[in-house]
>>> print(open('protein_30.txt').read())   # compact mmCIF, C-alpha atoms and all ligand atoms
# COMPACT_ATOMS: atom_id res chain seq x y z
CA MET X 1 -49.32 115.57 63.47
CA ARG X 2 -46.77 113.84 65.67
CA ILE X 3 -46.36 110.41 64.08
CA LEU X 4 -44.71 107.48 65.83
CA LEU X 5 -42.90 105.31 63.26
CA THR X 6 -42.16 101.80 64.54
CA GLY X 7 -39.34 100.26 62.52
CA GLY X 8 -38.58 103.77 61.30
CA ALA X 9 -34.81 103.23 61.00
CA GLY X 10 -35.33 100.58 58.31
CA TYR X 11 -35.43 100.79 54.52
CA ILE X 12 -39.02 101.95 54.09
CA GLY X 13 -39.26 103.75 57.46
CA THR X 14 -36.40 106.17 56.74
CA HIS X 15 -38.06 107.21 53.47
CA ILE X 16 -41.42 107.66 55.21
CA ALA X 17 -39.74 109.81 57.88
CA VAL X 18 -38.46 112.12 55.14
CA SER X 19 -41.88 112.33 53.42
CA LEU X 20 -43.71 112.96 56.68
CA SER X 21 -41.42 115.77 57.64
CA LEU X 22 -41.59 117.37 54.19
CA ASN X 23 -45.38 117.31 54.50
CA GLY X 24 -45.45 119.11 57.81
CA HIS X 25 -45.64 116.12 60.18
CA GLU X 26 -43.21 115.28 62.95
CA PRO X 27 -41.78 111.73 62.80
CA ILE X 28 -40.81 109.97 66.04
CA ILE X 29 -38.74 106.87 65.24
CA VAL X 30 -38.84 103.80 67.48
CA ASP X 31 -36.63 100.91 66.36
CA ASP X 32 -34.64 98.15 68.09
CA LEU X 33 -32.00 98.35 65.33
CA SER X 34 -32.21 94.56 64.83
CA ASN X 35 -32.11 95.14 61.06
CA SER X 36 -30.90 98.73 60.81
CA CYS X 37 -28.50 101.18 62.41
CA LYS X 38 -28.46 104.58 64.04
CA SER X 39 -26.57 106.15 61.13
CA ALA X 40 -29.65 105.65 58.93
CA VAL X 41 -31.48 108.05 61.25
CA SER X 42 -28.55 110.50 61.05
CA ARG X 43 -28.86 110.41 57.27
CA VAL X 44 -32.56 111.26 57.54
CA GLU X 45 -31.55 114.22 59.71
CA GLU X 46 -28.97 115.21 57.08
CA ILE X 47 -31.63 115.22 54.34
CA LEU X 48 -34.06 117.21 56.46
CA GLY X 49 -31.46 119.53 57.98
CA LYS X 50 -32.93 119.07 61.45
CA PRO X 51 -32.94 116.54 64.29
CA VAL X 52 -35.41 113.66 64.33
CA SER X 53 -36.60 112.07 67.55
CA PHE X 54 -35.27 108.51 67.91
CA HIS X 55 -35.78 105.82 70.58
CA GLU X 56 -34.01 102.45 70.54
CA LEU X 57 -36.59 99.95 71.77
CA ASP X 58 -38.03 96.53 70.98
CA ILE X 59 -41.71 97.46 70.87
CA ARG X 60 -42.67 94.16 72.49
CA ASP X 61 -41.43 95.95 75.64
CA SER X 62 -44.75 97.60 76.44
CA THR X 63 -43.42 99.35 79.56
CA GLY X 64 -40.75 101.07 77.49
CA LEU X 65 -43.25 101.87 74.75
CA ASN X 66 -45.67 103.31 77.29
CA ALA X 67 -42.94 105.66 78.53
CA ILE X 68 -42.31 106.85 74.97
CA PHE X 69 -46.02 107.54 74.48
CA GLU X 70 -46.03 109.55 77.72
CA THR X 71 -43.15 111.78 76.69
CA GLU X 72 -43.66 112.03 72.93
CA LYS X 73 -47.47 112.15 72.85
CA PRO X 74 -47.91 110.82 69.30
CA GLN X 75 -51.24 111.43 67.57
CA ALA X 76 -50.97 108.55 65.09
CA VAL X 77 -48.75 105.54 64.43
CA ILE X 78 -47.25 104.03 61.29
CA HIS X 79 -46.32 100.46 62.19
CA LEU X 80 -43.46 99.05 60.12
CA ALA X 81 -41.48 97.17 62.78
CA GLY X 82 -41.09 93.48 62.09
CA LEU X 83 -39.04 90.78 60.45
CA LYS X 84 -39.44 90.40 56.70
CA ALA X 85 -37.17 87.70 55.21
CA VAL X 86 -39.36 85.03 53.63
CA GLY X 87 -36.78 82.19 53.66
CA GLU X 88 -35.70 82.96 57.21
CA SER X 89 -39.33 82.82 58.33
CA VAL X 90 -39.61 79.25 57.04
CA ALA X 91 -36.50 78.28 59.07
CA GLN X 92 -37.48 80.28 62.20
CA PRO X 93 -41.28 80.41 62.33
CA LEU X 94 -41.61 81.03 66.07
CA ARG X 95 -39.23 83.98 65.94
CA TYR X 96 -41.35 85.50 63.16
CA TYR X 97 -44.70 84.89 64.86
CA ASP X 98 -43.32 86.19 68.17
CA THR X 99 -41.76 89.35 66.74
CA ASN X 100 -44.40 90.35 64.22
CA ILE X 101 -47.56 89.38 66.09
CA ASN X 102 -46.51 90.23 69.64
CA SER X 103 -45.00 93.56 68.67
CA THR X 104 -48.33 94.51 67.06
CA ILE X 105 -50.34 93.43 70.10
CA SER X 106 -48.00 95.32 72.44
CA LEU X 107 -48.32 98.42 70.23
CA VAL X 108 -52.10 98.52 69.94
CA LYS X 109 -52.54 97.94 73.68
CA VAL X 110 -50.32 100.91 74.49
CA MET X 111 -52.07 102.99 71.80
CA SER X 112 -55.45 102.15 73.29
CA ASP X 113 -54.27 103.02 76.82
CA HIS X 114 -53.26 106.44 75.53
CA GLY X 115 -56.37 107.00 73.42
CA VAL X 116 -54.34 107.01 70.20
CA ARG X 117 -56.41 105.09 67.67
CA ARG X 118 -55.05 106.22 64.29
CA LEU X 119 -52.92 103.45 62.81
CA ILE X 120 -51.33 102.65 59.47
CA PHE X 121 -50.01 99.11 59.09
CA SER X 122 -47.38 97.85 56.62
CA SER X 123 -49.05 94.86 55.09
CA SER X 124 -47.93 93.10 51.95
CA ALA X 125 -49.10 91.79 48.60
CA THR X 126 -48.02 88.45 50.01
CA VAL X 127 -51.45 88.17 51.76
CA TYR X 128 -53.02 87.49 48.34
CA GLY X 129 -51.05 84.22 48.15
CA ASP X 130 -51.65 82.69 44.73
CA PRO X 131 -53.49 85.54 42.94
CA GLU X 132 -57.09 84.75 42.10
CA TYR X 133 -56.94 87.19 39.17
CA LEU X 134 -54.79 90.07 37.88
CA PRO X 135 -54.58 92.96 38.40
CA LEU X 136 -55.26 92.35 42.09
CA THR X 137 -57.97 94.48 43.66
CA GLU X 138 -58.41 94.74 47.41
CA GLU X 139 -61.49 92.46 47.23
CA ALA X 140 -59.44 89.53 45.92
CA CYS X 141 -59.34 86.48 48.15
CA VAL X 142 -56.55 86.55 50.76
CA GLY X 143 -54.81 83.67 52.52
CA LEU X 144 -55.10 81.02 49.82
CA GLY X 145 -51.64 79.75 48.92
CA ILE X 146 -49.57 81.82 51.36
CA SER X 147 -46.36 79.80 51.34
CA ASN X 148 -44.40 81.03 54.37
CA PRO X 149 -44.77 82.16 58.02
CA TYR X 150 -43.81 85.76 57.15
CA GLY X 151 -46.84 86.01 54.86
CA TRP X 152 -49.06 84.43 57.51
CA THR X 153 -47.98 87.05 60.06
CA LYS X 154 -49.25 89.80 57.73
CA PHE X 155 -52.50 87.90 57.14
CA MET X 156 -52.99 87.35 60.90
CA ILE X 157 -52.14 90.94 61.88
CA GLU X 158 -54.68 92.27 59.36
CA GLN X 159 -57.31 90.06 61.05
CA ILE X 160 -56.24 91.08 64.57
CA LEU X 161 -56.61 94.74 63.61
CA ARG X 162 -60.04 94.16 62.05
CA ASP X 163 -61.20 92.36 65.22
CA LEU X 164 -59.86 95.21 67.37
CA ALA X 165 -61.66 97.89 65.33
CA ALA X 166 -64.89 95.87 65.51
CA ALA X 167 -64.63 95.54 69.29
CA GLU X 168 -63.49 99.01 70.30
CA ASP X 169 -64.89 102.32 69.05
CA GLY X 170 -62.69 105.06 67.69
CA TRP X 171 -60.10 103.14 65.69
CA GLN X 172 -59.10 104.46 62.27
CA ILE X 173 -56.88 101.84 60.66
CA SER X 174 -55.39 101.69 57.19
CA LEU X 175 -53.92 98.38 56.00
CA LEU X 176 -51.46 99.15 53.21
CA ARG X 177 -50.55 96.20 51.03
CA TYR X 178 -47.19 97.04 49.49
CA PHE X 179 -46.17 95.44 46.22
CA ASN X 180 -42.39 95.42 45.52
CA PRO X 181 -40.66 98.50 46.99
CA VAL X 182 -37.46 99.49 45.15
CA GLY X 183 -35.19 102.51 44.67
CA ALA X 184 -33.91 105.07 47.13
CA HIS X 185 -34.23 108.73 48.06
CA GLU X 186 -33.01 110.89 45.18
CA SER X 187 -30.20 112.29 47.35
CA GLY X 188 -28.56 108.85 47.52
CA LEU X 189 -28.17 109.36 51.28
CA ILE X 190 -30.65 106.64 52.31
CA GLY X 191 -31.51 103.35 50.65
CA GLU X 192 -31.82 99.62 51.11
CA ASP X 193 -28.94 98.05 53.06
CA PRO X 194 -29.59 94.31 53.33
CA ASN X 195 -27.56 92.07 55.62
CA GLY X 196 -25.63 89.33 53.80
CA ILE X 197 -26.80 88.07 50.42
CA PRO X 198 -29.85 90.08 49.32
CA ASN X 199 -33.03 88.01 48.96
CA ASN X 200 -34.73 90.55 46.73
CA LEU X 201 -33.98 91.23 43.10
CA MET X 202 -33.19 94.96 43.02
CA PRO X 203 -30.56 95.04 45.82
CA PHE X 204 -28.92 91.95 44.33
CA VAL X 205 -28.74 93.59 40.89
CA ALA X 206 -27.35 96.76 42.51
CA GLN X 207 -24.57 94.77 44.20
CA VAL X 208 -23.63 93.09 40.90
CA ALA X 209 -23.54 96.53 39.28
CA ALA X 210 -21.21 97.70 42.06
CA GLY X 211 -18.92 94.70 41.59
CA ARG X 212 -19.73 93.25 45.03
CA ARG X 213 -21.24 90.13 43.42
CA GLU X 214 -20.34 88.50 40.14
CA CYS X 215 -23.51 87.53 38.39
CA ILE X 216 -27.29 87.87 38.77
CA ARG X 217 -29.13 84.58 39.08
CA VAL X 218 -32.47 84.72 37.28
CA PHE X 219 -34.86 82.31 38.96
CA GLY X 220 -36.54 80.60 36.01
CA GLN X 221 -37.27 81.59 32.41
CA ASP X 222 -40.15 79.23 31.77
CA TYR X 223 -43.03 81.20 33.31
CA ASP X 224 -46.02 82.19 31.23
CA THR X 225 -44.93 85.85 31.04
CA VAL X 226 -43.63 88.29 28.44
CA ASP X 227 -40.09 86.81 28.41
CA GLY X 228 -40.50 83.78 30.69
CA THR X 229 -39.15 85.49 33.82
CA GLY X 230 -41.17 86.53 36.87
CA VAL X 231 -43.25 89.71 36.65
CA ARG X 232 -43.75 92.05 39.64
CA ASP X 233 -45.21 95.46 40.40
CA TYR X 234 -42.11 97.45 41.45
CA ILE X 235 -42.94 100.68 43.27
CA HIS X 236 -40.43 103.45 43.99
CA VAL X 237 -39.92 103.69 47.75
CA MET X 238 -40.56 107.47 47.71
CA ASP X 239 -43.92 106.91 45.99
CA LEU X 240 -44.64 104.31 48.66
CA ALA X 241 -43.61 106.78 51.38
CA GLU X 242 -45.91 109.46 49.94
CA GLY X 243 -48.71 106.87 49.92
CA HIS X 244 -48.40 106.74 53.71
CA VAL X 245 -48.77 110.51 54.00
CA SER X 246 -51.93 110.31 51.86
CA ALA X 247 -53.26 107.39 53.93
CA LEU X 248 -52.69 109.43 57.08
CA ASN X 249 -54.64 112.34 55.61
CA HIS X 250 -57.55 110.08 54.61
CA LEU X 251 -58.05 107.83 57.62
CA VAL X 252 -61.69 106.81 58.12
CA PRO X 253 -63.47 105.11 61.03
CA GLY X 254 -62.93 101.35 61.11
CA VAL X 255 -60.52 99.55 58.80
CA ALA X 256 -59.70 100.33 55.17
CA THR X 257 -57.39 98.33 52.92
CA TYR X 258 -55.33 99.69 50.03
CA ASN X 259 -52.92 98.30 47.48
CA LEU X 260 -49.81 100.46 47.09
CA GLY X 261 -48.32 99.62 43.72
CA THR X 262 -48.11 101.05 40.22
CA GLY X 263 -50.52 98.75 38.40
CA THR X 264 -47.81 97.72 35.93
CA GLY X 265 -45.64 94.62 35.97
CA SER X 266 -41.98 94.38 34.95
CA SER X 267 -40.04 91.18 34.28
CA VAL X 268 -36.71 90.23 35.84
CA LEU X 269 -34.94 90.76 32.51
CA GLU X 270 -36.56 94.19 32.12
CA ILE X 271 -35.23 95.19 35.54
CA ILE X 272 -31.72 93.96 34.70
CA GLU X 273 -31.83 95.91 31.43
CA ALA X 274 -33.08 99.11 33.15
CA PHE X 275 -30.43 98.88 35.86
CA GLY X 276 -27.76 98.32 33.20
CA GLN X 277 -28.87 101.57 31.54
CA ALA X 278 -28.69 103.38 34.88
CA CYS X 279 -25.17 102.18 35.74
CA GLY X 280 -23.86 102.37 32.19
CA ARG X 281 -22.90 98.74 31.56
CA THR X 282 -24.47 95.43 30.59
CA LEU X 283 -24.98 93.36 33.72
CA PRO X 284 -24.09 89.67 33.68
CA TYR X 285 -26.82 87.16 34.46
CA GLU X 286 -27.46 83.44 34.26
CA ILE X 287 -30.75 81.56 34.18
CA VAL X 288 -31.08 79.10 37.06
CA ASP X 289 -33.95 76.98 38.43
CA ARG X 290 -37.17 78.55 39.67
CA ARG X 291 -37.14 79.63 43.33
CA PRO X 292 -39.59 77.50 45.32
CA GLY X 293 -42.77 79.38 46.25
CA ASP X 294 -42.36 82.06 43.55
CA LEU X 295 -45.33 83.27 41.54
CA ALA X 296 -45.18 83.84 37.77
CA SER X 297 -46.82 87.22 37.88
CA THR X 298 -48.33 89.67 40.32
CA TYR X 299 -49.38 93.29 40.02
CA CYS X 300 -52.13 95.39 41.49
CA SER X 301 -54.96 97.63 40.60
CA PRO X 302 -54.04 100.93 42.30
CA GLU X 303 -57.50 102.43 41.57
CA LYS X 304 -58.88 102.37 45.10
CA ALA X 305 -55.87 104.28 46.45
CA ALA X 306 -56.15 106.75 43.57
CA GLN X 307 -59.82 107.45 44.30
CA GLU X 308 -59.92 107.35 48.10
CA LEU X 309 -56.40 108.49 49.04
CA GLN X 310 -55.83 110.76 46.04
CA TRP X 311 -52.49 109.06 45.63
CA LYS X 312 -50.80 107.61 42.57
CA ALA X 313 -47.25 106.38 42.01
CA SER X 314 -45.50 108.81 39.68
CA ARG X 315 -41.93 107.54 39.46
CA THR X 316 -40.74 105.05 36.83
CA ILE X 317 -38.57 101.94 36.96
CA GLU X 318 -35.84 104.07 35.35
CA ASP X 319 -36.12 106.55 38.25
CA ALA X 320 -35.89 103.68 40.74
CA CYS X 321 -32.79 102.21 39.06
CA ARG X 322 -31.11 105.63 38.87
CA ASP X 323 -31.75 106.36 42.56
CA SER X 324 -30.84 102.85 43.66
CA TRP X 325 -27.57 103.10 41.70
CA LEU X 326 -26.76 106.50 43.22
CA TRP X 327 -27.29 105.06 46.71
CA GLN X 328 -25.31 101.86 45.93
CA SER X 329 -22.41 103.57 44.15
CA THR X 330 -21.94 106.26 46.79
CA ASN X 331 -22.44 103.84 49.71
CA PRO X 332 -20.91 100.60 48.40
CA ASP X 333 -20.92 99.02 51.85
CA GLY X 334 -24.25 100.50 52.92
CA TYR X 335 -24.43 102.42 56.21
CA LEU X 336 -21.18 102.21 58.10
P1 LIG J 1 -36.51 96.74 57.41
O1 LIG J 1 -36.05 95.46 58.02
O2 LIG J 1 -35.53 97.58 56.70
O3 LIG J 1 -37.26 97.64 58.53
C1 LIG J 1 -37.93 97.08 59.62
C2 LIG J 1 -37.39 97.72 60.86
O4 LIG J 1 -38.05 97.18 62.01
C3 LIG J 1 -35.88 97.47 61.07
O5 LIG J 1 -35.24 98.72 61.21
C4 LIG J 1 -35.81 96.66 62.37
O6 LIG J 1 -34.65 96.97 63.11
C5 LIG J 1 -37.08 97.06 63.05
N1 LIG J 1 -37.64 96.08 63.99
C6 LIG J 1 -37.81 94.74 63.82
N2 LIG J 1 -38.38 94.19 64.90
C7 LIG J 1 -38.58 95.21 65.79
C8 LIG J 1 -39.14 95.27 67.10
N3 LIG J 1 -39.64 94.18 67.71
N4 LIG J 1 -39.19 96.48 67.71
C9 LIG J 1 -38.70 97.61 67.10
N5 LIG J 1 -38.16 97.58 65.88
C10 LIG J 1 -38.11 96.41 65.23
O7 LIG J 1 -37.74 96.37 56.42
P2 LIG J 1 -38.51 97.28 55.40
O8 LIG J 1 -38.26 96.76 54.05
O9 LIG J 1 -38.28 98.70 55.69
O10 LIG J 1 -40.00 96.88 55.78
C11 LIG J 1 -40.79 97.66 56.66
C12 LIG J 1 -42.14 96.98 56.80
O11 LIG J 1 -42.75 96.87 55.51
C13 LIG J 1 -42.07 95.57 57.37
O12 LIG J 1 -43.18 95.38 58.23
C14 LIG J 1 -42.21 94.71 56.16
O13 LIG J 1 -42.78 93.45 56.45
C15 LIG J 1 -43.15 95.53 55.28
N6 LIG J 1 -43.02 95.21 53.85
C16 LIG J 1 -41.80 95.27 53.25
C17 LIG J 1 -41.68 94.94 51.91
C18 LIG J 1 -40.34 94.96 51.21
O14 LIG J 1 -40.20 94.33 50.17
N7 LIG J 1 -39.34 95.66 51.73
C19 LIG J 1 -42.82 94.56 51.19
C20 LIG J 1 -44.05 94.52 51.83
C21 LIG J 1 -44.14 94.85 53.17
C1 LIG J 2 -38.77 89.50 42.40
C2 LIG J 2 -38.57 88.67 41.14
C3 LIG J 2 -37.87 86.43 41.58
C4 LIG J 2 -33.94 87.55 43.24
C5 LIG J 2 -40.68 89.26 48.12
C6 LIG J 2 -41.54 88.70 49.21
C7 LIG J 2 -42.76 89.55 49.41
C8 LIG J 2 -42.39 91.03 49.59
C9 LIG J 2 -41.40 91.51 48.59
C10 LIG J 2 -42.45 91.66 51.88
C11 LIG J 2 -39.12 87.25 41.26
C12 LIG J 2 -36.79 87.18 40.84
C13 LIG J 2 -35.22 87.56 42.69
C14 LIG J 2 -32.86 87.06 42.46
C15 LIG J 2 -34.40 86.61 40.67
N1 LIG J 2 -41.80 91.30 50.85
N2 LIG J 2 -35.44 87.10 41.43
N3 LIG J 2 -33.13 86.59 41.21
O1 LIG J 2 -40.49 87.43 45.54
O2 LIG J 2 -41.88 89.29 44.52
O3 LIG J 2 -41.45 89.30 46.91
O4 LIG J 2 -40.31 90.59 48.47
O5 LIG J 2 -43.62 91.64 52.08
O6 LIG J 2 -43.43 89.05 50.52
O7 LIG J 2 -41.94 87.39 48.85
O8 LIG J 2 -39.59 89.81 45.38
O9 LIG J 2 -37.41 90.79 44.83
O10 LIG J 2 -37.48 88.49 45.86
O11 LIG J 2 -38.26 88.78 43.51
O12 LIG J 2 -34.60 86.16 39.53
O13 LIG J 2 -31.71 87.00 42.91
O14 LIG J 2 -37.17 88.53 40.91
O15 LIG J 2 -37.95 85.09 41.13
O16 LIG J 2 -39.62 86.90 40.02
P1 LIG J 2 -40.88 88.84 45.52
P2 LIG J 2 -38.10 89.48 44.96
>>> encode(input="protein_30.txt", output="structure tokens", more="lines below")
Ligand code: NAD
Ligand code: WQD
Amino acid sequence: MRILLTGGAGYIGTHIAVSLSLNGHEPIIVDDLSNSCKSAVSRVEEILGKPVSFHELDIRDSTGLNAIFETEKPQAVIHLAGLKAVGESVAQPLRYYDTNINSTISLVKVMSDHGVRRLIFSSSATVYGDPEYLPLTEEACVGLGISNPYGWTKFMIEQILRDLAAAEDGWQISLLRYFNPVGAHESGLIGEDPNGIPNNLMPFVAQVAAGRRECIRVFGQDYDTVDGTGVRDYIHVMDLAEGHVSALNHLVPGVATYNLGTGTGSSVLEIIEAFGQACGRTLPYEIVDRRPGDLASTYCSPEKAAQELQWKASRTIEDACRDSWLWQSTNPDGYL
């Protein structure tokens, strides 16, 4: 199928583009490059050994998006475009609501006009807020304890898409709730390239390993977890990418929701240790105060995806650290 990838020049989108192509689909990337660059797309082309269709566009521009649908004739869409920095969303709520919500509304209107009603949406574990129980299944309560506008945009978009599918026949929508994506393509040619100081743990650890930053700050060691540090379900980005290909192959009428995670939690100290093994030295860290809004522990039950999508994460934390280190050490300043 011809698959339009909004936000396809970003961290997760580039890896999905590779997986799609390797599985016989044709990715069409649409991205405004607000948090990415054209050379990421060139790297995807380098991995695949062939050109990939790319359009620079803010998808809130529905006229421009309409023109792309007319020429490219996509048969399905994977919608990743949006802003994702939690702290920034607290400081700039309107920018987050405008970008994330209005880009989705613009997209689904254009899709509907063109009779394209197959959609996969990048949702997030953040919709579960304060977890009701662990491991999280898709039936767990959502919305309670969401602590930032970014998380609310994911919650609201899920609802908008459910309302749309209830109102209009023909939609096949998969809401994929990602846990913590980490790692890079095994070639080391694409990976995560955050602007400024990384908010997330793995890219921060990678930059300390590369000597770009001095010391990892561990946010709290007094949680009720295995070693007192926060526990998360880290999923290799290539497993996540393959999850999208499976979701595409198993779309059903209406809306279906899936957790994409491994089902296993790792602590901050376990990640630092694993990355140290991958880069061949002990990484310096200090314990600092808890980060406001952080949860002690979160990990998913990946059973529904295993049964209905026939998909399971197969890569380990060690694989993720190895691939992340290859990307970081061969591209110390990210994409140039
Ligand atoms: P990213 O910032 O690397 O990729 C998002 C891409 O969207 C960027 O290339 C950006 O330029 C583009 N974009 C933003 N607004 C746009 C617009 N209006 N029109 C066109 N393009 C636009 O982020 P990512 O980590 O690859 O995340 C992809 C998606 O997955 C996002 O929706 C994010 O919320 C979701 N997600 C990410 C994580 C994570 O930890 N990385 C976890 C859960 C969910
Ligand atoms: C992981 C663990 C931190 C940085 C966030 C978003 C979530 C989702 C993924 C998009 C926690 C600890 C971190 C550091 C640390 N994004 N940590 N020092 O918070 O689980 O999720 O990204 O949907 O919405 O909230 O991921 O990587 O920031 O943190 O000790 O410098 O690492 O306290 O325990 P998080 P993270």
>>> closest_residue(input="protein_30.txt", among="X:Arg281, X:His79, X:Arg2, X:Arg95", to="Val52 in chain X", atoms="all atoms listed in the file")
X:Arg2
>>> atom_distance(input="protein_30.txt", atom1="CA of His25 in chain X", atom2="CA of Gly261 in chain X")
23.5 Å
>>> closest_atom_pairs(input="protein_30.txt", of="chain X", to="ligand LIG 1 (chain J)", cutoff="6 Å", atoms="all atoms listed in the file", output="JSON lines")
{"residue": "X:Thr6", "atom": "CA", "partner": "J:LIG1", "partner_atom": "N5", "distance": 6.0}
{"residue": "X:Gly7", "atom": "CA", "partner": "J:LIG1", "partner_atom": "O4", "distance": 3.4}
{"residue": "X:Ala9", "atom": "CA", "partner": "J:LIG1", "partner_atom": "O5", "distance": 4.5}
{"residue": "X:Gly10", "atom": "CA", "partner": "J:LIG1", "partner_atom": "O2", "distance": 3.4}
{"residue": "X:Tyr11", "atom": "CA", "partner": "J:LIG1", "partner_atom": "O9", "distance": 3.7}
{"residue": "X:Ile12", "atom": "CA", "partner": "J:LIG1", "partner_atom": "O9", "distance": 3.7}
{"residue": "X:Gly13", "atom": "CA", "partner": "J:LIG1", "partner_atom": "O9", "distance": 5.4}
{"residue": "X:Asp31", "atom": "CA", "partner": "J:LIG1", "partner_atom": "N5", "distance": 3.7}
{"residue": "X:Asp32", "atom": "CA", "partner": "J:LIG1", "partner_atom": "N5", "distance": 4.2}
{"residue": "X:Leu33", "atom": "CA", "partner": "J:LIG1", "partner_atom": "O6", "distance": 3.7}
{"residue": "X:Ser34", "atom": "CA", "partner": "J:LIG1", "partner_atom": "O6", "distance": 3.8}
{"residue": "X:Asn35", "atom": "CA", "partner": "J:LIG1", "partner_atom": "O6", "distance": 3.7}
{"residue": "X:Ser36", "atom": "CA", "partner": "J:LIG1", "partner_atom": "O5", "distance": 4.4}
{"residue": "X:Leu57", "atom": "CA", "partner": "J:LIG1", "partner_atom": "C9", "distance": 5.6}
{"residue": "X:Asp58", "atom": "CA", "partner": "J:LIG1", "partner_atom": "N4", "distance": 3.5}
{"residue": "X:Ile59", "atom": "CA", "partner": "J:LIG1", "partner_atom": "N4", "distance": 4.2}
{"residue": "X:Arg60", "atom": "CA", "partner": "J:LIG1", "partner_atom": "N3", "distance": 5.7}
{"residue": "X:Leu80", "atom": "CA", "partner": "J:LIG1", "partner_atom": "C12", "distance": 4.1}
{"residue": "X:Ala81", "atom": "CA", "partner": "J:LIG1", "partner_atom": "O4", "distance": 3.5}
{"residue": "X:Gly82", "atom": "CA", "partner": "J:LIG1", "partner_atom": "C6", "distance": 3.9}
{"residue": "X:Leu83", "atom": "CA", "partner": "J:LIG1", "partner_atom": "C6", "distance": 5.3}
{"residue": "X:Lys84", "atom": "CA", "partner": "J:LIG1", "partner_atom": "O13", "distance": 4.5}
{"residue": "X:Thr99", "atom": "CA", "partner": "J:LIG1", "partner_atom": "N3", "distance": 5.4}
{"residue": "X:Ser103", "atom": "CA", "partner": "J:LIG1", "partner_atom": "N3", "distance": 5.5}
{"residue": "X:Ser122", "atom": "CA", "partner": "J:LIG1", "partner_atom": "O11", "distance": 4.9}
{"residue": "X:Ser123", "atom": "CA", "partner": "J:LIG1", "partner_atom": "C21", "distance": 5.3}
{"residue": "X:Ser124", "atom": "CA", "partner": "J:LIG1", "partner_atom": "C20", "distance": 4.1}
{"residue": "X:Tyr178", "atom": "CA", "partner": "J:LIG1", "partner_atom": "C20", "distance": 4.7}
{"residue": "X:Asn180", "atom": "CA", "partner": "J:LIG1", "partner_atom": "O14", "distance": 5.3}
{"residue": "X:Pro181", "atom": "CA", "partner": "J:LIG1", "partner_atom": "O14", "distance": 5.3}
>>> closest_residue(input="protein_30.txt", among="X:Pro51, X:Gly254, X:Gly143, X:Pro302", to="Ile173 in chain X", atoms="only C-alpha atoms")
X:Gly254
>>> closest_residue(input="protein_30.txt", among="X:Leu175, X:Val245, X:Ala210, X:Val30", to="Gln159 in chain X", atoms="all atoms listed in the file")
X:Leu175
>>> residues_near_ligand(input="protein_30.txt", ligand="ligand LIG 2 (chain J)", cutoff="6 Å", atoms="all atoms listed in the file", output="number ranges by chain")
X: 84, 86, 124, 126, 180, 199-201, 204, 217-219, 230-232, 268, 291, 294
>>> closest_residue(input="protein_30.txt", among="X:Tyr234, X:Phe155, X:Phe69, X:Trp171", to="Ala320 in chain X", atoms="all atoms listed in the file")
X:Tyr234
>>> residues_around(input="protein_30.txt", residues="Cys141 in chain X", least_positions_apart="2", cutoff="9 Å", atoms="all atoms listed in the file", output="ChimeraX atom specification")
/X:127-129,131-132,138-139,143-144
>>> write_last_selection(input="protein_30.txt", atoms="C-alpha atoms", output="PDB file, keeping the file's coordinate frame")
ATOM      1  CA  VAL X 127     -51.450  88.170  51.760  1.00  0.00           C
ATOM      2  CA  TYR X 128     -53.020  87.490  48.340  1.00  0.00           C
ATOM      3  CA  GLY X 129     -51.050  84.220  48.150  1.00  0.00           C
ATOM      4  CA  PRO X 131     -53.490  85.540  42.940  1.00  0.00           C
ATOM      5  CA  GLU X 132     -57.090  84.750  42.100  1.00  0.00           C
ATOM      6  CA  GLU X 138     -58.410  94.740  47.410  1.00  0.00           C
ATOM      7  CA  GLU X 139     -61.490  92.460  47.230  1.00  0.00           C
ATOM      8  CA  GLY X 143     -54.810  83.670  52.520  1.00  0.00           C
ATOM      9  CA  LEU X 144     -55.100  81.020  49.820  1.00  0.00           C
TER      10      LEU X 144
END
>>> atom_distance(input="protein_30.txt", atom1="CA of Ser89 in chain X", atom2="CA of Ile105 in chain X")
19.3 Å
>>> closest_residue(input="protein_30.txt", among="X:Leu5, X:Val44, X:Cys279, X:Leu309", to="His250 in chain X", atoms="all atoms listed in the file")
X:Leu309
>>> atom_distance(input="protein_30.txt", atom1="CA of Val77 in chain X", atom2="CA of Arg118 in chain X")
6.3 Å
>>> axis_aligned_box(input="protein_30.txt", around="range 242-252 of chain X", padding_each_side="5 Å", output="AutoDock Vina command-line options")
--center_x -53.8 --center_y 109.5 --center_z 54.0 --size_x 25.8 --size_y 15.6 --size_z 18.2
>>> residues_around(input="protein_30.txt", residues="Thr330 in chain X", least_positions_apart="4", cutoff="9 Å", atoms="only C-alpha atoms", output="count of residues only")
5
>>> closest_residue(input="protein_30.txt", among="X:Glu192, X:Asp289, X:Asp163, X:Glu46", to="Tyr223 in chain X", atoms="all atoms listed in the file")
X:Asp289
>>> residues_around(input="protein_30.txt", residues="Glu70 in chain X", least_positions_apart="4", cutoff="12 Å", atoms="only C-alpha atoms", output="VMD selection string")
chain X and resid 63 to 66 74 to 75 110 to 111 113 to 116
